[in-house]
>>> print(open('entry34.cif').read())   # mmCIF, C-alpha atoms
data_my_file
#
loop_
_atom_site.label_atom_id
_atom_site.label_comp_id
_atom_site.auth_asym_id
_atom_site.auth_seq_id
_atom_site.Cartn_x
_atom_site.Cartn_y
_atom_site.Cartn_z
CA MET A 142 -67.05 117.04 150.30
CA ALA A 143 -68.83 119.80 148.46
CA ALA A 144 -67.92 120.44 144.83
CA ASP A 145 -66.44 123.84 145.66
CA GLU A 146 -64.14 122.18 148.23
CA LEU A 147 -62.52 119.89 145.67
CA ILE A 148 -58.86 120.68 145.03
CA HIS A 149 -58.11 121.36 141.36
CA VAL A 150 -54.42 122.27 141.52
CA THR A 151 -51.98 121.57 144.33
CA ARG A 152 -48.41 120.53 145.11
CA TRP A 153 -47.99 116.97 146.32
CA HIS A 154 -44.34 117.09 147.36
CA ASN A 155 -44.43 113.66 148.96
CA GLY A 156 -41.01 112.42 150.09
CA GLU A 157 -37.63 113.57 148.87
CA LYS A 158 -35.98 113.85 145.47
CA THR A 159 -34.79 110.42 144.31
CA TYR A 160 -31.52 109.30 142.75
CA SER A 161 -30.68 110.55 139.28
CA PRO A 162 -27.71 109.57 137.10
CA PHE A 163 -27.39 113.26 136.23
CA SER A 164 -25.89 115.91 138.48
CA ASP A 165 -27.56 119.20 139.30
CA GLY A 166 -24.92 120.82 137.12
CA GLU A 167 -25.89 118.67 134.14
CA MET A 168 -29.58 119.50 134.49
CA ALA A 169 -28.73 123.19 134.89
CA ARG A 170 -26.65 123.01 131.70
CA ARG A 171 -29.69 121.80 129.75
CA ARG A 172 -31.96 124.40 131.31
CA ASP A 173 -29.53 127.26 130.71
CA ALA A 174 -28.91 126.25 127.10
CA MET A 175 -32.63 126.20 126.32
CA GLN A 176 -33.24 129.46 128.16
CA ALA A 177 -30.54 131.11 126.02
CA ARG A 178 -32.33 129.94 122.88
CA MET A 179 -35.64 131.18 124.23
CA GLU A 180 -34.11 134.58 124.89
CA GLU A 181 -32.70 134.69 121.37
CA ALA A 182 -36.08 133.78 119.85
CA GLY A 183 -38.07 136.17 122.06
CA ILE A 184 -39.99 133.32 123.73
CA ASP A 185 -41.32 134.05 127.23
CA ALA A 186 -41.72 130.40 128.26
CA CYS A 187 -41.83 126.88 126.83
CA LEU A 188 -44.46 124.26 127.47
CA PHE A 189 -42.96 120.85 126.71
CA THR A 190 -45.51 118.06 126.35
CA SER A 191 -43.51 115.21 124.79
CA TYR A 192 -42.08 112.32 126.76
CA HIS A 193 -38.55 113.05 125.59
CA ASN A 194 -38.40 116.77 126.29
CA ILE A 195 -40.13 116.54 129.67
CA CYS A 196 -37.64 113.84 130.63
CA TYR A 197 -34.67 115.72 129.18
CA PHE A 198 -35.34 118.98 130.99
CA SER A 199 -36.80 117.63 134.25
CA GLY A 200 -35.85 113.96 134.67
CA PHE A 201 -39.49 112.86 134.92
CA LEU A 202 -40.86 110.26 132.48
CA TYR A 203 -44.64 110.14 132.60
CA CYS A 204 -47.24 107.45 131.93
CA LYS A 205 -49.89 109.21 129.86
CA PHE A 206 -52.95 106.94 130.17
CA GLY A 207 -55.23 109.54 128.59
CA ARG A 208 -54.08 112.50 130.70
CA ARG A 209 -52.02 115.57 129.88
CA TYR A 210 -48.53 116.27 131.20
CA GLY A 211 -46.10 119.11 130.79
CA ALA A 212 -42.85 120.74 131.77
CA VAL A 213 -42.99 124.53 131.90
CA LEU A 214 -39.62 126.21 131.39
CA THR A 215 -39.43 129.90 132.26
CA ARG A 216 -36.56 132.20 133.17
CA ASP A 217 -37.02 130.96 136.76
CA GLY A 218 -36.55 127.26 136.00
CA VAL A 219 -38.54 124.16 135.15
CA THR A 220 -41.80 122.94 136.72
CA THR A 221 -43.49 119.69 135.79
CA VAL A 222 -47.28 119.45 135.59
CA SER A 223 -48.67 116.01 136.40
CA ALA A 224 -51.95 114.26 137.17
CA ALA A 225 -52.95 113.40 140.72
CA ILE A 226 -53.09 109.72 139.81
CA ASP A 227 -49.26 109.75 139.97
CA GLY A 228 -49.12 110.97 143.55
CA GLY A 229 -45.75 112.42 144.54
CA GLN A 230 -43.65 110.40 142.10
CA PRO A 231 -43.37 113.23 139.55
CA TRP A 232 -42.07 115.53 142.30
CA ARG A 233 -39.52 112.96 143.40
CA ARG A 234 -38.30 112.45 139.83
CA SER A 235 -38.35 116.11 138.74
CA VAL A 236 -35.23 118.21 139.13
CA GLY A 237 -37.34 121.35 139.72
CA ASP A 238 -40.79 122.09 141.07
CA ASN A 239 -43.93 120.04 140.38
CA VAL A 240 -47.60 120.99 140.25
CA THR A 241 -50.36 118.39 140.51
CA TYR A 242 -53.80 118.76 138.95
CA THR A 243 -56.85 116.61 139.62
CA ASP A 244 -59.62 115.10 137.50
CA TRP A 245 -62.33 116.97 139.39
CA ARG A 246 -62.74 119.48 136.59
CA ARG A 247 -62.05 119.16 132.86
CA ASP A 248 -59.80 122.22 132.65
CA SER A 249 -57.67 121.65 135.77
CA TYR A 250 -54.58 121.05 133.62
CA PHE A 251 -54.98 124.47 132.03
CA THR A 252 -55.64 126.06 135.42
CA ALA A 253 -52.23 124.76 136.48
CA LEU A 254 -50.63 126.16 133.33
CA LYS A 255 -52.20 129.59 133.84
CA ASP A 256 -50.76 129.75 137.35
CA LEU A 257 -47.30 129.05 135.92
CA LEU A 258 -47.54 131.29 132.85
CA PRO A 259 -48.95 134.67 133.90
CA GLY A 260 -48.67 137.52 131.42
CA ILE A 261 -46.84 135.67 128.67
CA LYS A 262 -47.00 136.86 125.07
CA ARG A 263 -45.08 134.16 123.18
CA LEU A 264 -45.25 130.51 124.29
CA GLY A 265 -42.95 127.84 122.90
CA VAL A 266 -44.68 124.54 122.17
CA GLU A 267 -43.65 121.45 120.25
CA PHE A 268 -45.24 121.65 116.83
CA ASP A 269 -44.37 118.01 116.12
CA GLU A 270 -46.08 116.91 119.36
CA VAL A 271 -49.08 119.23 119.90
CA ASN A 272 -52.20 117.87 118.19
CA LEU A 273 -55.09 119.96 116.92
CA ASP A 274 -57.12 119.36 120.06
CA LEU A 275 -54.41 120.63 122.39
CA LYS A 276 -53.63 123.56 120.07
CA MET A 277 -57.26 124.71 120.13
CA LEU A 278 -57.44 124.37 123.91
CA LEU A 279 -54.22 126.35 124.38
CA GLU A 280 -55.59 129.10 122.16
CA GLU A 281 -58.83 129.09 124.14
CA HIS A 282 -57.14 129.29 127.55
CA PHE A 283 -54.36 131.66 126.46
CA PRO A 284 -56.11 134.14 124.16
CA GLY A 285 -53.76 136.51 122.39
CA VAL A 286 -50.70 134.40 123.17
CA GLU A 287 -48.61 133.48 120.13
CA LEU A 288 -47.65 129.79 119.90
CA VAL A 289 -44.08 129.40 118.63
CA ASP A 290 -42.31 126.16 117.72
CA CYS A 291 -39.59 125.12 120.17
CA ALA A 292 -39.30 121.46 119.15
CA ALA A 293 -36.54 121.86 116.58
CA SER A 294 -34.43 123.99 118.90
CA ALA A 295 -34.79 121.53 121.78
CA MET A 296 -33.96 118.62 119.48
CA SER A 297 -30.75 120.25 118.32
CA LEU A 298 -29.71 120.58 121.96
CA ARG A 299 -30.44 116.93 122.65
CA THR A 300 -28.37 115.66 119.71
CA ILE A 301 -25.08 116.70 121.37
CA LYS A 302 -24.68 114.53 124.44
CA SER A 303 -22.75 115.47 127.56
CA ALA A 304 -20.14 113.32 129.29
CA GLU A 305 -22.77 112.29 131.85
CA GLU A 306 -25.12 111.20 129.08
CA HIS A 307 -22.31 109.26 127.44
CA ALA A 308 -21.70 107.44 130.73
CA LEU A 309 -25.34 106.38 130.98
CA ILE A 310 -25.44 105.32 127.32
CA ARG A 311 -22.29 103.23 127.85
CA LYS A 312 -24.03 101.48 130.75
CA GLY A 313 -26.96 100.85 128.44
CA ALA A 314 -24.64 99.27 125.87
CA ASP A 315 -23.31 97.00 128.61
CA MET A 316 -26.85 95.94 129.48
CA CYS A 317 -27.53 95.25 125.80
CA ALA A 318 -24.70 92.74 125.85
CA VAL A 319 -26.09 91.12 129.01
CA GLY A 320 -29.40 90.59 127.25
CA GLY A 321 -27.71 89.46 124.06
CA ARG A 322 -25.71 86.75 125.79
CA ALA A 323 -28.76 85.50 127.68
CA LEU A 324 -30.72 85.35 124.44
CA MET A 325 -28.03 83.39 122.60
CA GLU A 326 -27.89 80.85 125.42
CA ALA A 327 -31.67 80.42 125.35
CA VAL A 328 -31.95 79.64 121.62
CA LYS A 329 -32.75 76.00 120.87
CA PRO A 330 -34.84 74.32 118.19
CA GLY A 331 -38.37 73.82 119.52
CA VAL A 332 -38.33 76.86 121.84
CA PRO A 333 -40.85 79.63 121.07
CA GLU A 334 -39.72 83.17 120.37
CA HIS A 335 -41.35 84.62 123.47
CA GLU A 336 -39.50 82.31 125.86
CA ILE A 337 -36.17 83.28 124.32
CA ALA A 338 -37.07 86.98 124.53
CA LEU A 339 -38.10 86.63 128.17
CA ALA A 340 -34.70 85.21 129.09
CA SER A 341 -33.04 88.25 127.56
CA THR A 342 -35.35 90.83 129.11
CA SER A 343 -35.12 89.28 132.57
CA ALA A 344 -31.33 89.33 132.46
CA MET A 345 -31.30 93.02 131.49
CA VAL A 346 -33.84 94.07 134.14
CA ARG A 347 -31.82 92.33 136.83
CA GLY A 348 -28.61 93.89 135.54
CA ILE A 349 -30.11 97.38 135.53
CA ALA A 350 -31.49 96.90 139.05
CA GLU A 351 -28.01 96.01 140.31
CA SER A 352 -26.36 98.97 138.56
CA PHE A 353 -27.96 101.92 140.37
CA PRO A 354 -28.87 102.84 143.96
CA PHE A 355 -32.39 103.54 142.73
CA VAL A 356 -33.94 103.09 139.29
CA GLU A 357 -37.45 102.80 137.89
CA LEU A 358 -37.57 99.47 136.07
CA MET A 359 -39.75 100.19 133.10
CA ASP A 360 -39.84 99.67 129.34
CA THR A 361 -36.84 97.35 128.95
CA TRP A 362 -37.73 94.81 126.29
CA THR A 363 -36.46 92.36 123.67
CA TRP A 364 -37.57 91.73 120.13
CA PHE A 365 -36.53 88.27 119.00
CA GLN A 366 -37.62 87.19 115.54
CA SER A 367 -37.16 83.97 113.61
CA GLY A 368 -37.68 82.89 110.02
CA ILE A 369 -40.17 85.04 108.12
CA ASN A 370 -40.63 87.24 111.21
CA THR A 371 -37.15 88.70 110.64
CA ASP A 372 -38.40 90.64 107.59
CA GLY A 373 -39.28 93.72 109.68
CA ALA A 374 -36.98 95.46 112.14
CA HIS A 375 -39.89 96.23 114.50
CA ASN A 376 -41.86 93.03 114.22
CA PRO A 377 -43.18 91.96 117.63
CA VAL A 378 -42.26 88.81 119.49
CA THR A 379 -44.60 85.90 118.77
CA ASN A 380 -45.10 82.34 119.97
CA LYS A 381 -43.59 80.96 116.74
CA ILE A 382 -41.39 77.92 117.38
CA VAL A 383 -37.74 78.26 116.40
CA GLU A 384 -36.58 75.60 113.95
CA ALA A 385 -33.10 74.37 113.01
CA GLY A 386 -31.70 76.42 110.15
CA ASP A 387 -33.86 79.47 110.93
CA ILE A 388 -32.43 82.92 110.41
CA LEU A 389 -32.81 84.83 113.67
CA SER A 390 -32.78 88.48 114.72
CA LEU A 391 -31.57 89.51 118.18
CA ASN A 392 -32.76 92.92 119.40
CA THR A 393 -32.16 93.97 123.01
CA PHE A 394 -33.43 97.32 124.31
CA PRO A 395 -32.62 98.28 127.91
CA MET A 396 -34.25 101.50 129.17
CA MET A 397 -32.71 103.53 131.98
CA PHE A 398 -33.99 106.94 133.12
CA GLY A 399 -35.66 107.47 129.73
CA TYR A 400 -32.49 106.61 127.78
CA TYR A 401 -32.70 103.83 125.24
CA THR A 402 -29.88 101.74 123.82
CA ALA A 403 -29.91 98.82 121.42
CA LEU A 404 -28.01 95.77 120.24
CA GLU A 405 -29.13 94.01 117.08
CA ARG A 406 -27.55 90.97 115.51
CA THR A 407 -28.25 88.37 112.84
CA LEU A 408 -28.07 84.82 114.19
CA PHE A 409 -28.80 81.36 112.86
CA CYS A 410 -30.18 78.34 114.68
CA GLY A 411 -27.83 75.41 114.24
CA HIS A 412 -26.56 76.18 110.75
CA ALA A 413 -26.79 78.65 107.87
CA SER A 414 -27.30 77.71 104.23
CA ASN A 415 -24.71 78.86 101.71
CA ALA A 416 -27.08 81.51 100.36
CA HIS A 417 -27.83 82.80 103.86
CA TYR A 418 -24.16 82.86 104.80
CA ASP A 419 -23.22 84.81 101.68
CA LEU A 420 -25.86 87.49 102.25
CA TRP A 421 -25.00 87.68 105.94
CA GLN A 422 -21.33 88.34 105.20
CA LYS A 423 -22.17 90.97 102.58
CA ASN A 424 -24.36 92.83 105.05
CA CYS A 425 -21.57 92.65 107.62
CA GLU A 426 -19.20 94.24 105.07
CA VAL A 427 -21.62 97.15 104.73
CA HIS A 428 -21.78 97.37 108.52
CA VAL A 429 -18.00 97.59 108.85
CA ARG A 430 -17.71 100.20 106.11
CA GLY A 431 -20.55 102.20 107.62
CA MET A 432 -18.81 102.40 111.00
CA GLU A 433 -15.67 103.64 109.25
CA LEU A 434 -17.67 106.49 107.72
CA LEU A 435 -19.00 107.78 111.04
CA LYS A 436 -16.75 110.69 111.99
CA PRO A 437 -17.05 114.42 112.60
CA GLY A 438 -17.73 116.38 109.42
CA ALA A 439 -19.53 113.54 107.65
CA ARG A 440 -23.02 114.34 106.37
CA CYS A 441 -25.75 111.83 107.15
CA CYS A 442 -26.89 111.73 103.52
CA ASP A 443 -23.36 111.10 102.24
CA VAL A 444 -22.96 108.09 104.54
CA ALA A 445 -26.18 106.63 103.15
CA SER A 446 -25.16 107.28 99.54
CA GLU A 447 -21.76 105.66 100.01
CA LEU A 448 -23.26 102.50 101.50
CA ASN A 449 -25.91 102.35 98.79
CA LYS A 450 -23.10 101.82 96.29
CA MET A 451 -22.00 98.64 98.05
CA TYR A 452 -25.48 97.15 97.98
CA ALA A 453 -25.92 98.23 94.35
CA GLU A 454 -22.76 96.38 93.30
CA TRP A 455 -24.30 93.16 94.63
CA ASP A 456 -27.76 93.96 93.23
CA LEU A 457 -29.07 94.10 96.80
CA LEU A 458 -30.06 97.76 97.04
CA LYS A 459 -33.67 96.89 96.19
CA TYR A 460 -33.78 94.82 99.39
CA ARG A 461 -32.68 97.64 101.72
CA SER A 462 -35.62 98.60 103.93
CA PHE A 463 -34.70 101.75 105.93
CA GLY A 464 -31.92 104.21 106.76
CA TYR A 465 -28.52 103.17 108.05
CA GLY A 466 -28.73 104.44 111.61
CA HIS A 467 -29.99 107.11 113.99
CA SER A 468 -29.24 109.15 117.06
CA PHE A 469 -29.43 107.81 120.61
CA GLY A 470 -30.42 109.53 123.84
CA VAL A 471 -33.77 110.33 125.45
CA LEU A 472 -35.90 108.29 123.09
CA CYS A 473 -37.73 105.04 122.73
CA HIS A 474 -39.74 103.09 120.17
CA TYR A 475 -42.99 104.68 121.34
CA TYR A 476 -41.80 108.19 122.10
CA GLY A 477 -39.35 110.58 120.65
CA ARG A 478 -36.64 110.56 118.06
CA GLU A 479 -33.94 112.96 117.01
CA ALA A 480 -34.96 113.04 113.38
CA SER A 481 -32.23 115.49 112.39
CA VAL A 482 -29.58 112.81 112.96
CA GLU A 483 -30.64 109.85 110.85
CA LEU A 484 -28.42 108.24 108.23
CA ARG A 485 -30.78 108.71 105.30
CA GLU A 486 -30.57 110.28 101.87
CA ASP A 487 -32.80 113.22 102.85
CA ILE A 488 -30.87 114.26 106.00
CA THR A 489 -28.05 116.76 105.46
CA THR A 490 -26.99 117.11 109.11
CA VAL A 491 -23.23 117.11 109.68
CA LEU A 492 -22.00 114.77 112.43
CA GLU A 493 -20.39 116.54 115.38
CA PRO A 494 -18.37 115.45 118.42
CA GLY A 495 -20.67 114.38 121.24
CA MET A 496 -23.35 112.91 118.99
CA VAL A 497 -24.26 109.26 119.55
CA VAL A 498 -25.21 107.41 116.39
CA SER A 499 -25.94 103.82 115.42
CA MET A 500 -24.84 101.96 112.34
CA GLU A 501 -27.50 99.41 111.41
CA PRO A 502 -27.65 98.28 107.78
CA MET A 503 -30.51 95.94 106.90
CA ILE A 504 -31.61 94.02 103.85
CA MET A 505 -34.63 91.73 103.56
CA LEU A 506 -35.10 89.01 100.98
CA PRO A 507 -38.69 87.74 100.65
CA GLU A 508 -39.87 84.19 101.20
CA GLY A 509 -38.98 81.90 98.31
CA ALA A 510 -35.76 83.74 97.46
CA PRO A 511 -32.41 82.04 98.20
CA GLY A 512 -31.32 83.21 101.65
CA ALA A 513 -34.76 84.58 102.50
CA GLY A 514 -35.05 86.66 105.66
CA GLY A 515 -33.93 89.88 107.27
CA TYR A 516 -30.27 90.67 107.98
CA ARG A 517 -29.35 93.46 110.38
CA GLU A 518 -26.36 94.39 112.53
CA HIS A 519 -26.35 97.31 114.96
CA ASP A 520 -23.58 99.07 116.87
CA ILE A 521 -23.62 102.36 118.79
CA LEU A 522 -20.81 104.88 118.27
CA ILE A 523 -19.92 108.12 120.05
CA ILE A 524 -18.61 110.73 117.63
CA THR A 525 -15.27 112.07 118.93
CA GLU A 526 -13.04 114.97 117.91
CA ASP A 527 -11.22 112.89 115.33
CA GLY A 528 -13.35 109.80 114.69
CA ALA A 529 -15.84 107.62 116.52
CA GLU A 530 -15.72 105.25 119.48
CA ASN A 531 -17.68 102.02 119.19
CA ILE A 532 -19.23 101.30 122.60
CA THR A 533 -20.92 98.07 121.49
CA ASN A 534 -18.68 95.21 122.51
CA PHE A 535 -20.39 92.27 120.87
CA PRO A 536 -19.36 89.96 118.02
CA PHE A 537 -21.10 89.87 114.64
CA GLY A 538 -20.83 87.87 111.46
CA THR A 539 -18.86 85.02 113.04
CA ASP A 540 -19.59 81.35 113.62
CA GLU A 541 -20.16 82.27 117.27
CA MET A 542 -23.46 83.76 116.09
CA ILE A 543 -24.65 80.36 114.88
CA VAL A 544 -26.36 79.25 118.09
CA GLY A 545 -28.51 76.47 119.48
CA LYS A 546 -26.44 73.68 117.98
#
>>> encode(input="entry34.cif", output="structure tokens")
Amino acid sequence: MAADELIHVTRWHNGEKTYSPFSDGEMARRRDAMQARMEEAGIDACLFTSYHNICYFSGFLYCKFGRRYGAVLTRDGVTTVSAAIDGGQPWRRSVGDNVTYTDWRRDSYFTALKDLLPGIKRLGVEFDEVNLDLKMLLEEHFPGVELVDCAASAMSLRTIKSAEEHALIRKGADMCAVGGRALMEAVKPGVPEHEIALASTSAMVRGIAESFPFVELMDTWTWFQSGINTDGAHNPVTNKIVEAGDILSLNTFPMMFGYYTALERTLFCGHASNAHYDLWQKNCEVHVRGMELLKPGARCCDVASELNKMYAEWDLLKYRSFGYGHSFGVLCHYYGREASVELREDITTVLEPGMVVSMEPMIMLPEGAPGAGGYREHDILIITEDGAENITNFPFGTDEMIVGK
């Protein structure tokens, strides 16, 4: 094939649209809401490049692997832009149209964008996602076009979840519990962390597969930490052997259609020392109080300040390691967050009905201190009109959480 015969941009509409947990009406709601904000801001079109926004507005979750992806939202609808290496899968997963570009020429991605964005003057892009390289290339290929931030506006839309999103998040919470139970059953002295984590992850993947007519089984995982490894909330699984008396941290993370949920619990293998038990119960008291504070009208910063007082009374505030919770939705540990809804001292956002927020207090005492280790509980709550509904149905702080006896 001659070089001038190579296809640079095409449409590989292979097969039919696949199952989605979201109705056409739900996806239209998202599109229409963002289009209204674009109209208000005088933005001709938006180019979303993040995992979370592409997934939120189109349903497609990409695998980057060094290539560029996008979702172009105009007044006519949403079109995903994907690499040919993905074949027709982006079309099948996208609610709207899909354009495929090839590797045959360096600028094929931008050729696809130009076809979708003729005559625009103001282009919305995600300032918290676009790096300097992409910014310079956009300016080169779209001379005279003003780049306007659309990330904050899109994030504010995502923070208020619909009833359909709530349903999927509830299913995720159920899968968390499936993984949690499997993990607790697998804990025994002499078993390495990774084997215990595998039992949990396998149970969740099988549960997710049985829950939907069609689902892409990707990115469900478990962090299970023991002993000193519990000092960080995001410490990876290792081959460390679990020993009797170890403090343990259970963290299950099922992923479904780009939506992440979590269950986190403090456990002990066989028994807990008096010092460990005392700290564990204190952290559980903070957890209970924190869930009571989650209601419409509460400011994120005020929740954090109130819980700080409890730790301070016990001289434990110096051992707190991060904020008290965060939003849930289209996000994951390696992509996306809704930073405007985090329970931290520097976040003034007011909680509203429809938001989904975790409560997850954590303290960490270093090696050598009585009760050394990391303590963390984690529940997910849906903010309602007059309070909050806890959708995590899993025990914490009880003797049931002393496992592997």
>>> closest_atom_pairs(input="entry34.cif", of="range 338-440 of chain A", to="range 304-313 of chain A", cutoff="12 Å", atoms="all atoms listed in the file", output="JSON lines")
{"residue": "A:Met345", "atom": "CA", "partner": "A:Gly313", "partner_atom": "CA", "distance": 9.5}
{"residue": "A:Val346", "atom": "CA", "partner": "A:Gly313", "partner_atom": "CA", "distance": 11.2}
{"residue": "A:Gly348", "atom": "CA", "partner": "A:Lys312", "partner_atom": "CA", "distance": 10.1}
{"residue": "A:Ile349", "atom": "CA", "partner": "A:Gly313", "partner_atom": "CA", "distance": 8.5}
{"residue": "A:Glu351", "atom": "CA", "partner": "A:Lys312", "partner_atom": "CA", "distance": 11.7}
{"residue": "A:Ser352", "atom": "CA", "partner": "A:Lys312", "partner_atom": "CA", "distance": 8.5}
{"residue": "A:Phe353", "atom": "CA", "partner": "A:Lys312", "partner_atom": "CA", "distance": 10.4}
{"residue": "A:Thr361", "atom": "CA", "partner": "A:Gly313", "partner_atom": "CA", "distance": 10.5}
{"residue": "A:Thr393", "atom": "CA", "partner": "A:Gly313", "partner_atom": "CA", "distance": 10.2}
{"residue": "A:Phe394", "atom": "CA", "partner": "A:Gly313", "partner_atom": "CA", "distance": 8.4}
{"residue": "A:Pro395", "atom": "CA", "partner": "A:Gly313", "partner_atom": "CA", "distance": 6.2}
{"residue": "A:Met396", "atom": "CA", "partner": "A:Gly313", "partner_atom": "CA", "distance": 7.4}
{"residue": "A:Met397", "atom": "CA", "partner": "A:Gly313", "partner_atom": "CA", "distance": 7.3}
{"residue": "A:Phe398", "atom": "CA", "partner": "A:Leu309", "partner_atom": "CA", "distance": 8.9}
{"residue": "A:Gly399", "atom": "CA", "partner": "A:Leu309", "partner_atom": "CA", "distance": 10.5}
{"residue": "A:Tyr400", "atom": "CA", "partner": "A:Ile310", "partner_atom": "CA", "distance": 7.2}
{"residue": "A:Tyr401", "atom": "CA", "partner": "A:Gly313", "partner_atom": "CA", "distance": 7.2}
{"residue": "A:Thr402", "atom": "CA", "partner": "A:Gly313", "partner_atom": "CA", "distance": 5.5}
{"residue": "A:Ala403", "atom": "CA", "partner": "A:Gly313", "partner_atom": "CA", "distance": 7.9}
{"residue": "A:Leu404", "atom": "CA", "partner": "A:Gly313", "partner_atom": "CA", "distance": 9.7}
>>> residues_around(input="entry34.cif", residues="range 381-391 of chain A", least_positions_apart="5", cutoff="7 Å", atoms="all atoms listed in the file", output="ChimeraX atom specification")
/A:330-334,364-368,371,405-413,514
>>> atom_distance(input="entry34.cif", atom1="CA of Thr533 in chain A", atom2="CA of Gly464 in chain A")
19.4 Å
>>> atom_distance(input="entry34.cif", atom1="CA of Ala439 in chain A", atom2="CA of Gly373 in chain A")
28.1 Å
>>> atom_distance(input="entry34.cif", atom1="CA of Cys291 in chain A", atom2="CA of Ile195 in chain A")
12.8 Å
>>> closest_residue(input="entry34.cif", among="A:Thr220, A:Pro377, A:Arg152, A:Arg172", to="Thr241 in chain A", atoms="only C-alpha atoms")
A:Arg152
>>> closest_residue(input="entry34.cif", among="A:Ala510, A:Ala350, A:Ala253, A:Leu275", to="Ile148 in chain A", atoms="all atoms listed in the file")
A:Ala253
>>> resolve_selection(input="entry34.cif", expression="the PyMOL selection byres ((chain A and resi 442) around 6)", output="VMD selection string")
chain A and resid 440 to 441 443 to 445 485 to 486 488 to 489
>>> resolve_selection(input="entry34.cif", expression="the PyMOL selection byres ((chain A and resi 342) around 7)", output="list in words")
Gly320, Ala338, Leu339, Ala340, Ser341, Ser343, Ala344, Met345, Val346, Thr361, Trp362 and Thr363 of chain A
>>> resolve_selection(input="entry34.cif", expression="the PyMOL selection byres ((chain A and resi 276-288) around 12)", output="PyMOL selection string")
chain A and resi 183-188+190+209+247-256+258-275+289-292
>>> closest_residue(input="entry34.cif", among="A:Thr243, A:Asn531, A:Thr159, A:Gln422", to="Pro354 in chain A", atoms="only C-alpha atoms")
A:Thr159
>>> closest_residue(input="entry34.cif", among="A:Asp244, A:Glu479, A:Asp520, A:Asp540", to="His193 in chain A", atoms="all atoms listed in the file")
A:Glu479
>>> residues_around(input="entry34.cif", residues="range 490-496 of chain A", least_positions_apart="6", cutoff="8 Å", atoms="all atoms listed in the file", output="list in words")
Thr300, Ile301, Lys302, Ser303, Leu435, Lys436, Pro437, Gly438, Ala439, Arg440, Cys441, Cys442, Ser468, Ser481, Val482, Ile523, Ile524, Thr525 and Glu526 of chain A
>>> write_last_selection(input="entry34.cif", atoms="C-alpha atoms", output="mmCIF file, in the coordinates of the input")
data_model
loop_
_atom_site.group_PDB
_atom_site.id
_atom_site.type_symbol
_atom_site.label_atom_id
_atom_site.label_comp_id
_atom_site.auth_asym_id
_atom_site.auth_seq_id
_atom_site.Cartn_x
_atom_site.Cartn_y
_atom_site.Cartn_z
ATOM 1 C CA THR A 300 -28.370 115.660 119.710
ATOM 2 C CA ILE A 301 -25.080 116.700 121.370
ATOM 3 C CA LYS A 302 -24.680 114.530 124.440
ATOM 4 C CA SER A 303 -22.750 115.470 127.560
ATOM 5 C CA LEU A 435 -19.000 107.780 111.040
ATOM 6 C CA LYS A 436 -16.750 110.690 111.990
ATOM 7 C CA PRO A 437 -17.050 114.420 112.600
ATOM 8 C CA GLY A 438 -17.730 116.380 109.420
ATOM 9 C CA ALA A 439 -19.530 113.540 107.650
ATOM 10 C CA ARG A 440 -23.020 114.340 106.370
ATOM 11 C CA CYS A 441 -25.750 111.830 107.150
ATOM 12 C CA CYS A 442 -26.890 111.730 103.520
ATOM 13 C CA SER A 468 -29.240 109.150 117.060
ATOM 14 C CA SER A 481 -32.230 115.490 112.390
ATOM 15 C CA VAL A 482 -29.580 112.810 112.960
ATOM 16 C CA ILE A 523 -19.920 108.120 120.050
ATOM 17 C CA ILE A 524 -18.610 110.730 117.630
ATOM 18 C CA THR A 525 -15.270 112.070 118.930
ATOM 19 C CA GLU A 526 -13.040 114.970 117.910
#
>>> closest_residue(input="entry34.cif", among="A:Glu501, A:Glu357, A:Asp238, A:Asp173", to="Tyr160 in chain A", atoms="only C-alpha atoms")
A:Glu357
>>> residues_around(input="entry34.cif", residues="Tyr242 in chain A", least_positions_apart="4", cutoff="8 Å", atoms="all atoms listed in the file", output="number ranges by chain")
A: 149-151, 222-225, 249-250, 253
>>> residues_around(input="entry34.cif", residues="Ile337 in chain A", least_positions_apart="6", cutoff="9 Å", atoms="all atoms listed in the file", output="list of chain:residue names")
A:Ala323, A:Leu324, A:Met325, A:Glu326, A:Ala327, A:Val328, A:Lys329, A:Phe365
